[in-house]
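Trainee: One file: target.pdb (PDB, C-alpha atoms, pLDDT in the B column).
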ATOM      1  CA  MET A   1     -77.474  79.293-184.070  1.00 87.00           C
ATOM      2  CA  GLY A   2     -73.784  78.498-183.676  1.00 85.00           C
ATOM      3  CA  ASN A   3     -73.512  75.853-180.968  1.00 89.00           C
ATOM      4  CA  THR A   4     -76.891  76.778-179.470  1.00 92.00           C
ATOM      5  CA  ARG A   5     -79.591  74.211-180.264  1.00 94.00           C
ATOM      6  CA  VAL A   6     -83.278  74.872-179.690  1.00 96.00           C
ATOM      7  CA  ILE A   7     -86.451  72.925-180.461  1.00 96.00           C
ATOM      8  CA  ALA A   8     -89.838  74.647-180.836  1.00 97.00           C
ATOM      9  CA  ALA A   9     -93.416  73.423-181.198  1.00 96.00           C
ATOM     10  CA  VAL A  10     -96.647  75.307-181.884  1.00 96.00           C
ATOM     11  CA  TYR A  11    -100.166  74.018-181.145  1.00 95.00           C
ATOM     12  CA  GLY A  12    -103.304  75.810-182.309  1.00 87.00           C
ATOM     13  CA  PRO A  13    -105.287  77.759-182.952  1.00 92.00           C
ATOM     14  CA  ARG A  14    -107.532  75.709-180.682  1.00 90.00           C
ATOM     15  CA  GLU A  15    -110.268  76.290-178.113  1.00 89.00           C
ATOM     16  CA  VAL A  16    -109.212  78.295-175.060  1.00 89.00           C
ATOM     17  CA  GLN A  17    -108.635  75.880-172.186  1.00 81.00           C
ATOM     18  CA  ASN A  18    -108.782  78.454-169.366  1.00 78.00           C
ATOM     19  CA  LYS A  19    -111.326  81.160-170.228  1.00 75.00           C
ATOM     20  CA  GLY A  20    -110.032  83.309-167.359  1.00 72.00           C
ATOM     21  CA  GLN A  21    -106.694  83.799-169.182  1.00 73.00           C
ATOM     22  CA  GLN A  22    -108.321  85.373-172.257  1.00 72.00           C
ATOM     23  CA  VAL A  23    -108.644  89.129-171.741  1.00 70.00           C
ATOM     24  CA  ASN A  24    -109.989  89.881-175.225  1.00 77.00           C
ATOM     25  CA  SER A  25    -112.206  87.216-176.846  1.00 80.00           C
ATOM     26  CA  SER A  26    -111.972  88.975-180.241  1.00 88.00           C
ATOM     27  CA  GLU A  27    -108.276  87.999-180.465  1.00 90.00           C
ATOM     28  CA  ALA A  28    -106.338  84.763-180.027  1.00 92.00           C
ATOM     29  CA  LEU A  29    -104.638  84.142-176.705  1.00 92.00           C
ATOM     30  CA  VAL A  30    -100.905  83.485-177.172  1.00 94.00           C
ATOM     31  CA  ARG A  31     -99.148  81.411-174.505  1.00 94.00           C
ATOM     32  CA  CYS A  32     -95.473  80.531-174.337  1.00 95.00           C
ATOM     33  CA  GLU A  33     -93.400  78.142-172.262  1.00 95.00           C
ATOM     34  CA  TYR A  34     -89.584  78.303-172.256  1.00 95.00           C
ATOM     35  CA  ARG A  35     -87.410  75.616-170.711  1.00 93.00           C
ATOM     36  CA  MET A  36     -83.766  74.641-170.637  1.00 91.00           C
ATOM     37  CA  ALA A  37     -82.992  70.935-170.718  1.00 87.00           C
ATOM     38  CA  GLU A  38     -80.955  69.849-167.686  1.00 84.00           C
ATOM     39  CA  PHE A  39     -78.183  68.669-170.026  1.00 84.00           C
ATOM     40  CA  SER A  40     -78.104  71.907-172.085  1.00 79.00           C
ATOM     41  CA  THR A  41     -75.126  73.376-170.198  1.00 74.00           C
ATOM     42  CA  GLY A  42     -72.027  71.906-168.550  1.00 64.00           C
ATOM     43  CA  ASP A  43     -73.751  72.444-165.191  1.00 62.00           C
ATOM     44  CA  ARG A  44     -75.971  69.391-164.560  1.00 53.00           C
ATOM     45  CA  ARG A  45     -77.806  70.785-161.509  1.00 53.00           C
ATOM     46  CA  ARG A  46     -81.564  70.253-161.648  1.00 56.00           C
ATOM     47  CA  LYS A  47     -83.307  73.496-162.563  1.00 55.00           C
ATOM     48  CA  PRO A  48     -86.274  74.300-160.303  1.00 53.00           C
ATOM     49  CA  LYS A  49     -89.609  74.161-162.111  1.00 56.00           C
ATOM     50  CA  GLY A  50     -90.964  77.640-162.820  1.00 57.00           C
ATOM     51  CA  ASP A  51     -87.702  79.469-162.022  1.00 81.00           C
ATOM     52  CA  ARG A  52     -87.744  83.257-162.474  1.00 88.00           C
ATOM     53  CA  ARG A  53     -85.421  83.334-165.506  1.00 87.00           C
ATOM     54  CA  SER A  54     -87.576  80.837-167.434  1.00 90.00           C
ATOM     55  CA  THR A  55     -90.739  82.775-166.543  1.00 92.00           C
ATOM     56  CA  GLU A  56     -89.170  86.050-167.694  1.00 91.00           C
ATOM     57  CA  ILE A  57     -87.894  84.592-170.989  1.00 92.00           C
ATOM     58  CA  SER A  58     -91.294  82.937-171.621  1.00 94.00           C
ATOM     59  CA  LEU A  59     -92.907  86.374-171.252  1.00 94.00           C
ATOM     60  CA  VAL A  60     -90.332  88.038-173.539  1.00 93.00           C
ATOM     61  CA  ILE A  61     -90.842  85.406-176.270  1.00 94.00           C
ATOM     62  CA  ARG A  62     -94.645  85.618-175.964  1.00 94.00           C
ATOM     63  CA  GLN A  63     -94.686  89.431-176.242  1.00 93.00           C
ATOM     64  CA  THR A  64     -92.252  89.335-179.185  1.00 94.00           C
ATOM     65  CA  MET A  65     -94.330  86.743-181.065  1.00 95.00           C
ATOM     66  CA  GLU A  66     -97.612  88.551-180.315  1.00 92.00           C
ATOM     67  CA  ALA A  67     -96.277  91.522-182.284  1.00 91.00           C
ATOM     68  CA  SER A  68     -96.146  89.365-185.432  1.00 94.00           C
ATOM     69  CA  ILE A  69     -99.187  87.058-185.064  1.00 95.00           C
ATOM     70  CA  LEU A  70    -102.469  88.276-186.579  1.00 95.00           C
ATOM     71  CA  THR A  71    -104.408  87.392-183.424  1.00 93.00           C
ATOM     72  CA  ASN A  72    -107.529  89.236-184.649  1.00 93.00           C
ATOM     73  CA  LEU A  73    -108.038  86.561-187.356  1.00 93.00           C
ATOM     74  CA  MET A  74    -108.442  83.823-184.717  1.00 93.00           C
ATOM     75  CA  PRO A  75    -110.934  85.057-182.080  1.00 91.00           C
ATOM     76  CA  ARG A  76    -111.842  82.924-179.051  1.00 89.00           C
ATOM     77  CA  SER A  77    -108.847  80.612-179.588  1.00 92.00           C
ATOM     78  CA  GLN A  78    -105.404  80.010-178.153  1.00 93.00           C
ATOM     79  CA  ILE A  79    -101.979  79.380-179.656  1.00 95.00           C
ATOM     80  CA  ASP A  80     -99.389  77.598-177.529  1.00 96.00           C
ATOM     81  CA  ILE A  81     -95.670  78.010-178.213  1.00 97.00           C
ATOM     82  CA  PHE A  82     -93.215  75.641-176.505  1.00 97.00           C
ATOM     83  CA  VAL A  83     -89.467  76.197-176.769  1.00 97.00           C
ATOM     84  CA  GLN A  84     -86.735  74.111-175.179  1.00 96.00           C
ATOM     85  CA  VAL A  85     -82.993  74.747-175.203  1.00 95.00           C
ATOM     86  CA  LEU A  86     -81.167  71.490-175.910  1.00 94.00           C
ATOM     87  CA  GLN A  87     -77.655  72.977-175.993  1.00 92.00           C
ATOM     88  CA  ALA A  88     -76.763  76.445-174.704  1.00 90.00           C
ATOM     89  CA  ASP A  89     -73.802  78.466-175.960  1.00 88.00           C
ATOM     90  CA  GLY A  90     -75.051  82.054-175.672  1.00 82.00           C
ATOM     91  CA  GLY A  91     -77.867  83.758-177.575  1.00 87.00           C
ATOM     92  CA  THR A  92     -80.515  81.322-176.298  1.00 91.00           C
ATOM     93  CA  ARG A  93     -83.224  84.018-176.221  1.00 92.00           C
ATOM     94  CA  SER A  94     -82.645  84.910-179.879  1.00 94.00           C
ATOM     95  CA  ALA A  95     -82.423  81.255-180.948  1.00 95.00           C
ATOM     96  CA  CYS A  96     -85.765  80.572-179.204  1.00 96.00           C
ATOM     97  CA  ILE A  97     -87.486  83.476-180.964  1.00 96.00           C
ATOM     98  CA  ASN A  98     -86.140  82.356-184.366  1.00 96.00           C
ATOM     99  CA  ALA A  99     -87.200  78.751-183.709  1.00 96.00           C
ATOM    100  CA  ALA A 100     -90.669  79.939-182.614  1.00 96.00           C
ATOM    101  CA  THR A 101     -90.996  81.983-185.836  1.00 95.00           C
ATOM    102  CA  LEU A 102     -90.188  78.908-187.929  1.00 94.00           C
ATOM    103  CA  ALA A 103     -92.628  76.778-185.909  1.00 95.00           C
ATOM    104  CA  LEU A 104     -95.417  79.379-186.332  1.00 95.00           C
ATOM    105  CA  ALA A 105     -94.795  79.579-190.097  1.00 92.00           C
ATOM    106  CA  ASP A 106     -94.723  75.773-190.337  1.00 90.00           C
ATOM    107  CA  ALA A 107     -98.024  75.585-188.409  1.00 91.00           C
ATOM    108  CA  GLY A 108     -99.620  78.013-190.891  1.00 91.00           C
ATOM    109  CA  ILE A 109    -100.310  80.697-188.265  1.00 94.00           C
ATOM    110  CA  PRO A 110    -100.998  84.021-190.067  1.00 95.00           C
ATOM    111  CA  MET A 111     -98.364  86.669-189.317  1.00 94.00           C
ATOM    112  CA  ARG A 112     -97.783  90.316-190.255  1.00 93.00           C
ATOM    113  CA  ASP A 113     -94.148  89.460-190.903  1.00 93.00           C
ATOM    114  CA  ILE A 114     -91.654  86.939-189.561  1.00 93.00           C
ATOM    115  CA  VAL A 115     -89.967  88.169-186.394  1.00 95.00           C
ATOM    116  CA  THR A 116     -86.277  87.381-186.032  1.00 96.00           C
ATOM    117  CA  SER A 117     -83.841  88.039-183.222  1.00 96.00           C
ATOM    118  CA  CYS A 118     -80.108  88.457-182.800  1.00 95.00           C
ATOM    119  CA  SER A 119     -77.800  89.650-180.044  1.00 93.00           C
ATOM    120  CA  ALA A 120     -74.774  91.905-180.297  1.00 93.00           C
ATOM    121  CA  GLY A 121     -72.268  92.970-177.691  1.00 90.00           C
ATOM    122  CA  TYR A 122     -69.358  95.281-177.004  1.00 89.00           C
ATOM    123  CA  LEU A 123     -66.148  93.647-175.826  1.00 86.00           C
ATOM    124  CA  CYS A 124     -62.580  95.027-175.799  1.00 83.00           C
ATOM    125  CA  SER A 125     -63.803  98.156-177.656  1.00 84.00           C
ATOM    126  CA  THR A 126     -65.199  95.976-180.462  1.00 86.00           C
ATOM    127  CA  PRO A 127     -68.852  95.426-181.435  1.00 89.00           C
ATOM    128  CA  LEU A 128     -69.535  91.668-181.766  1.00 90.00           C
ATOM    129  CA  LEU A 129     -72.490  89.899-183.380  1.00 91.00           C
ATOM    130  CA  ASP A 130     -74.214  86.802-181.933  1.00 90.00           C
ATOM    131  CA  LEU A 131     -72.145  86.352-178.759  1.00 85.00           C
ATOM    132  CA  ASN A 132     -71.192  82.848-177.677  1.00 85.00           C
ATOM    133  CA  TYR A 133     -71.098  81.794-174.008  1.00 84.00           C
ATOM    134  CA  ILE A 134     -67.455  82.831-173.429  1.00 86.00           C
ATOM    135  CA  GLU A 135     -67.993  86.277-175.014  1.00 84.00           C
ATOM    136  CA  ASP A 136     -71.286  86.692-173.165  1.00 80.00           C
ATOM    137  CA  SER A 137     -69.670  85.783-169.820  1.00 81.00           C
ATOM    138  CA  ALA A 138     -66.780  88.242-170.257  1.00 80.00           C
ATOM    139  CA  GLY A 139     -68.793  91.059-168.688  1.00 75.00           C
ATOM    140  CA  GLY A 140     -69.311  93.340-171.683  1.00 78.00           C
ATOM    141  CA  ALA A 141     -72.636  94.855-172.713  1.00 84.00           C
ATOM    142  CA  ASP A 142     -75.113  92.558-174.451  1.00 88.00           C
ATOM    143  CA  VAL A 143     -78.014  93.866-176.565  1.00 91.00           C
ATOM    144  CA  THR A 144     -80.772  91.485-177.732  1.00 93.00           C
ATOM    145  CA  VAL A 145     -83.009  92.769-180.522  1.00 95.00           C
ATOM    146  CA  GLY A 146     -86.130  91.359-182.177  1.00 95.00           C
ATOM    147  CA  VAL A 147     -87.272  92.809-185.505  1.00 96.00           C
ATOM    148  CA  LEU A 148     -90.121  92.538-187.994  1.00 95.00           C
ATOM    149  CA  ALA A 149     -87.672  92.826-190.887  1.00 87.00           C
ATOM    150  CA  LYS A 150     -89.936  93.849-193.791  1.00 90.00           C
ATOM    151  CA  MET A 151     -91.826  96.342-191.639  1.00 90.00           C
ATOM    152  CA  ASP A 152     -88.542  97.648-190.154  1.00 89.00           C
ATOM    153  CA  LYS A 153     -90.125  97.512-186.690  1.00 93.00           C
ATOM    154  CA  VAL A 154     -88.307  96.636-183.462  1.00 94.00           C
ATOM    155  CA  THR A 155     -90.410  94.324-181.261  1.00 94.00           C
ATOM    156  CA  LEU A 156     -87.769  93.489-178.645  1.00 94.00           C
ATOM    157  CA  LEU A 157     -84.872  95.419-177.141  1.00 93.00           C
ATOM    158  CA  GLN A 158     -83.054  94.252-174.028  1.00 92.00           C
ATOM    159  CA  MET A 159     -79.687  95.424-172.728  1.00 89.00           C
ATOM    160  CA  ASP A 160     -77.899  94.193-169.621  1.00 81.00           C
ATOM    161  CA  ALA A 161     -75.248  96.927-169.183  1.00 81.00           C
ATOM    162  CA  LYS A 162     -74.829 100.629-169.850  1.00 85.00           C
ATOM    163  CA  LEU A 163     -73.242 101.878-173.076  1.00 86.00           C
ATOM    164  CA  PRO A 164     -72.468 105.371-174.372  1.00 89.00           C
ATOM    165  CA  MET A 165     -75.147 106.459-176.878  1.00 90.00           C
ATOM    166  CA  ASP A 166     -72.916 106.352-179.987  1.00 89.00           C
ATOM    167  CA  THR A 167     -71.579 102.879-179.059  1.00 91.00           C
ATOM    168  CA  PHE A 168     -75.109 101.651-178.312  1.00 92.00           C
ATOM    169  CA  GLU A 169     -76.292 102.811-181.751  1.00 92.00           C
ATOM    170  CA  ASN A 170     -73.430 100.898-183.422  1.00 92.00           C
ATOM    171  CA  VAL A 171     -74.130  97.712-181.431  1.00 93.00           C
ATOM    172  CA  MET A 172     -77.882  97.935-182.002  1.00 93.00           C
ATOM    173  CA  GLY A 173     -77.326  98.591-185.726  1.00 93.00           C
ATOM    174  CA  LEU A 174     -75.169  95.454-185.883  1.00 94.00           C
ATOM    175  CA  ALA A 175     -77.874  93.396-184.106  1.00 95.00           C
ATOM    176  CA  ILE A 176     -80.549  94.672-186.535  1.00 95.00           C
ATOM    177  CA  GLU A 177     -78.327  93.703-189.498  1.00 95.00           C
ATOM    178  CA  GLY A 178     -78.048  90.240-187.949  1.00 95.00           C
ATOM    179  CA  CYS A 179     -81.855  90.048-187.584  1.00 96.00           C
ATOM    180  CA  LYS A 180     -82.357  90.973-191.251  1.00 95.00           C
ATOM    181  CA  ALA A 181     -79.772  88.403-192.403  1.00 95.00           C
ATOM    182  CA  ILE A 182     -81.571  85.711-190.352  1.00 95.00           C
ATOM    183  CA  ALA A 183     -84.937  86.835-191.805  1.00 95.00           C
ATOM    184  CA  ASN A 184     -83.599  86.441-195.356  1.00 94.00           C
ATOM    185  CA  TYR A 185     -82.259  82.982-194.511  1.00 94.00           C
ATOM    186  CA  ILE A 186     -85.551  81.891-192.897  1.00 93.00           C
ATOM    187  CA  ARG A 187     -87.529  83.117-195.933  1.00 92.00           C
ATOM    188  CA  GLU A 188     -85.254  81.085-198.245  1.00 92.00           C
ATOM    189  CA  VAL A 189     -85.729  77.968-196.087  1.00 90.00           C
ATOM    190  CA  LEU A 190     -89.515  78.423-196.018  1.00 89.00           C
ATOM    191  CA  LEU A 191     -89.579  78.936-199.796  1.00 90.00           C
ATOM    192  CA  VAL A 192     -87.558  75.741-200.423  1.00 89.00           C
ATOM    193  CA  ASN A 193     -89.816  73.763-198.056  1.00 84.00           C
ATOM    194  CA  THR A 194     -92.965  75.149-199.726  1.00 83.00           C
ATOM    195  CA  LYS A 195     -91.665  74.155-203.178  1.00 85.00           C
ATOM    196  CA  GLN A 196     -90.852  70.643-201.919  1.00 84.00           C
ATOM    197  CA  LEU A 197     -94.393  70.281-200.522  1.00 80.00           C
ATOM    198  CA  GLU A 198     -95.877  71.469-203.823  1.00 81.00           C
ATOM    199  CA  CYS A 199     -93.764  68.890-205.725  1.00 84.00           C
ATOM    200  CA  GLN A 200     -94.926  66.113-203.381  1.00 82.00           C
ATOM    201  CA  ARG A 201     -98.575  67.083-203.868  1.00 77.00           C
ATOM    202  CA  GLY A 202     -98.184  67.572-207.640  1.00 68.00           C
TER     203      GLY A 202
END
Render the structure in this file as structure tokens.
Mentor:
Amino acid sequence: MGNTRVIAAVYGPREVQNKGQQVNSSEALVRCEYRMAEFSTGDRRRKPKGDRRSTEISLVIRQTMEASILTNLMPRSQIDIFVQVLQADGGTRSACINAATLALADAGIPMRDIVTSCSAGYLCSTPLLDLNYIEDSAGGADVTVGVLAKMDKVTLLQMDAKLPMDTFENVMGLAIEGCKAIANYIREVLLVNTKQLECQRG
């Protein structure tokens, strides 16, 4: 997304490795690990393993993806999602969710709908879609939204500054439009890939 580059991998469904982690054996356990490569930003300092930001984003991605995965179809199993930021230029959370959606679809994991994410902000009295690093660092409000587009259901909403209600509605509406545009694009990509696979098999 823009200059942000993310790689995602999905493994499973497979047998649960740590039975203690599975609260409900009638549904699949979804696990997620988020990391930023040390070279992903201009700052080359070594990131501590298990830092709080990575843990928090891992949890956000996992909860967002759980809303779309039909976990009840895969009891007593686990699905592992790994996402790594290779190049960061703002919107890394959204890029990771979109990459995870593509990886889940590619792995054939059954989903209610594809979940897509986009951020929007408010800077210099102007709503902006998909903020880059400079816009994100300017101190304006930043709203990250995740949506199940066909179901019109919001699965993620995070905001890091206060906004008046009418402005917030405009910014959130812009983010949802961005999510739906990404969903349409992802569906087109998946359709093209499916047709290519069918041609190779045929």
Trainee: Do a neighbour search on A:Glu27 at 6 Å with only C-alpha atoms, toss out local chain neighbours closer than 3 positions, and write the hits as a list in words.
Mentor: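 Everything that qualifies: Asn24, Thr71, Asn72, Met74 and Pro75 of chain A.
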Trainee: Name the residues in contact with A:Ile79 at a cut-off of 7 Å, using only C-alpha atoms, excluding same-chain residues fewer than 5 positions from it; report them as a list in words.
Mentor: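 Using only C-alpha atoms, the neighbours found are Tyr11, Gly12, Pro13, Arg14, Ala28, Leu29, Val30 and Arg31 of chain A.
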Trainee: For the structure provided, state which residues fall under the PyMOL selection byres ((chain A and resi 160) around 6), and present them as a list in words.
Mentor: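 Given this file, the PyMOL selection byres ((chain A and resi 160) around 6) evaluates to Asp142, Met159 and Ala161 of chain A.
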Trainee: Can you measure atom CA of A:Pro164 to atom CA of A:Glu177 for me? One decimal in Å is fine.
Mentor: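 Answer for the atom CA of A:Pro164 to atom CA of A:Glu177 separation: 20.0 Å.
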Trainee: Selected by the PyMOL selection byres ((chain A and resi 186) around 9) in the shown coordinates: which residues, as an MDAnalysis selection string?
Mentor: chainID A and resid 98 101:102 114 116 181:185 187:191
Trainee: Okay, now the selection with C-alpha atoms, as a PDB file, keeping the file's coordinate frame?
Mentor:
ATOM      1  CA  ASN A  98     -86.140  82.356-184.366  1.00 96.00           C
ATOM      2  CA  THR A 101     -90.996  81.983-185.836  1.00 95.00           C
ATOM      3  CA  LEU A 102     -90.188  78.908-187.929  1.00 94.00           C
ATOM      4  CA  ILE A 114     -91.654  86.939-189.561  1.00 93.00           C
ATOM      5  CA  THR A 116     -86.277  87.381-186.032  1.00 96.00           C
ATOM      6  CA  ALA A 181     -79.772  88.403-192.403  1.00 95.00           C
ATOM      7  CA  ILE A 182     -81.571  85.711-190.352  1.00 95.00           C
ATOM      8  CA  ALA A 183     -84.937  86.835-191.805  1.00 95.00           C
ATOM      9  CA  ASN A 184     -83.599  86.441-195.356  1.00 94.00           C
ATOM     10  CA  TYR A 185     -82.259  82.982-194.511  1.00 94.00           C
ATOM     11  CA  ARG A 187     -87.529  83.117-195.933  1.00 92.00           C
ATOM     12  CA  GLU A 188     -85.254  81.085-198.245  1.00 92.00           C
ATOM     13  CA  VAL A 189     -85.729  77.968-196.087  1.00 90.00           C
ATOM     14  CA  LEU A 190     -89.515  78.423-196.018  1.00 89.00           C
ATOM     15  CA  LEU A 191     -89.579  78.936-199.796  1.00 90.00           C
TER      16      LEU A 191
END
Trainee: When the PyMOL selection byres ((chain A and resi 146) around 9) is applied to the file above, which residues end up in the set, as a PyMOL selection string?
Mentor: chain A and resi 64+94+97+115-119+144-145+147-149+153-157+175-176+179
Trainee: From the set A:Glu38, A:Asp130, A:Glu56, A:Asp80, which residue has the shortest atom-to-atom contact distance to A:Glu15, counting all atoms listed in the file?
Mentor: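 Comparing A:Glu38, A:Asp130, A:Glu56, A:Asp80 against A:Glu15, the winner is A:Asp80.
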Trainee: Might you pull out every residue within 9 Å of A:Thr92, with only C-alpha atoms counted and same-chain residues fewer than 5 positions away left off, and present them as number ranges by chain?
Mentor: A: 1, 4-6, 85, 87, 97
Trainee: Nearest to A:Gln21: which of A:Asp136, A:Thr55, A:Gln78, A:Asp152 is it, counting only C-alpha atoms?
Mentor: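 Using only C-alpha atoms, the shortest distance to A:Gln21 belongs to A:Gln78.
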Trainee: Let me make sure I understand: among A:Asn132, A:Ser77, A:Gln158, A:Gln84, which one has the smallest atom-to-atom distance to A:Met172 if we use all atoms listed in the file?
Mentor: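 The answer is A:Gln158, which sits nearest to A:Met172.
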Trainee: What does the structure give for the distance between atom CA of A:Arg201 and atom CA of A:Met111, in Å to one decimal?
Mentor: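 About the pair atom CA of A:Arg201 and atom CA of A:Met111: they are 24.4 Å apart.
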Trainee: Choose the residue, out of A:Leu174, A:Met151, A:Ala67, A:Val60, that has the smallest atom-to-atom separation from A:Ala120; count only C-alpha atoms.
Mentor: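 For A:Ala120, the nearest of the candidates is A:Leu174.
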Trainee: Please measure the separation of atom CA of A:Ile109 and atom CA of A:Met65, giving the value in Å to one decimal.
Mentor: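 Computed distance, atom CA of A:Ile109 to atom CA of A:Met65, equals 11.1 Å.
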Trainee: Between A:Gln196, A:Ser58, A:Gln22, A:Gln17, which one has atoms that come closest to A:Arg35, using all atoms listed in the file?
Mentor: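 Answer, going by the shortest atom-to-atom distance: A:Ser58.
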Trainee: Which residue, A:Cys96, A:Leu128, A:Lys19, A:Gly139, has the smallest gap to A:Gly178 when you use all atoms listed in the file?
Mentor: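 Among A:Cys96, A:Leu128, A:Lys19, A:Gly139, it is A:Leu128 that comes nearest to A:Gly178.
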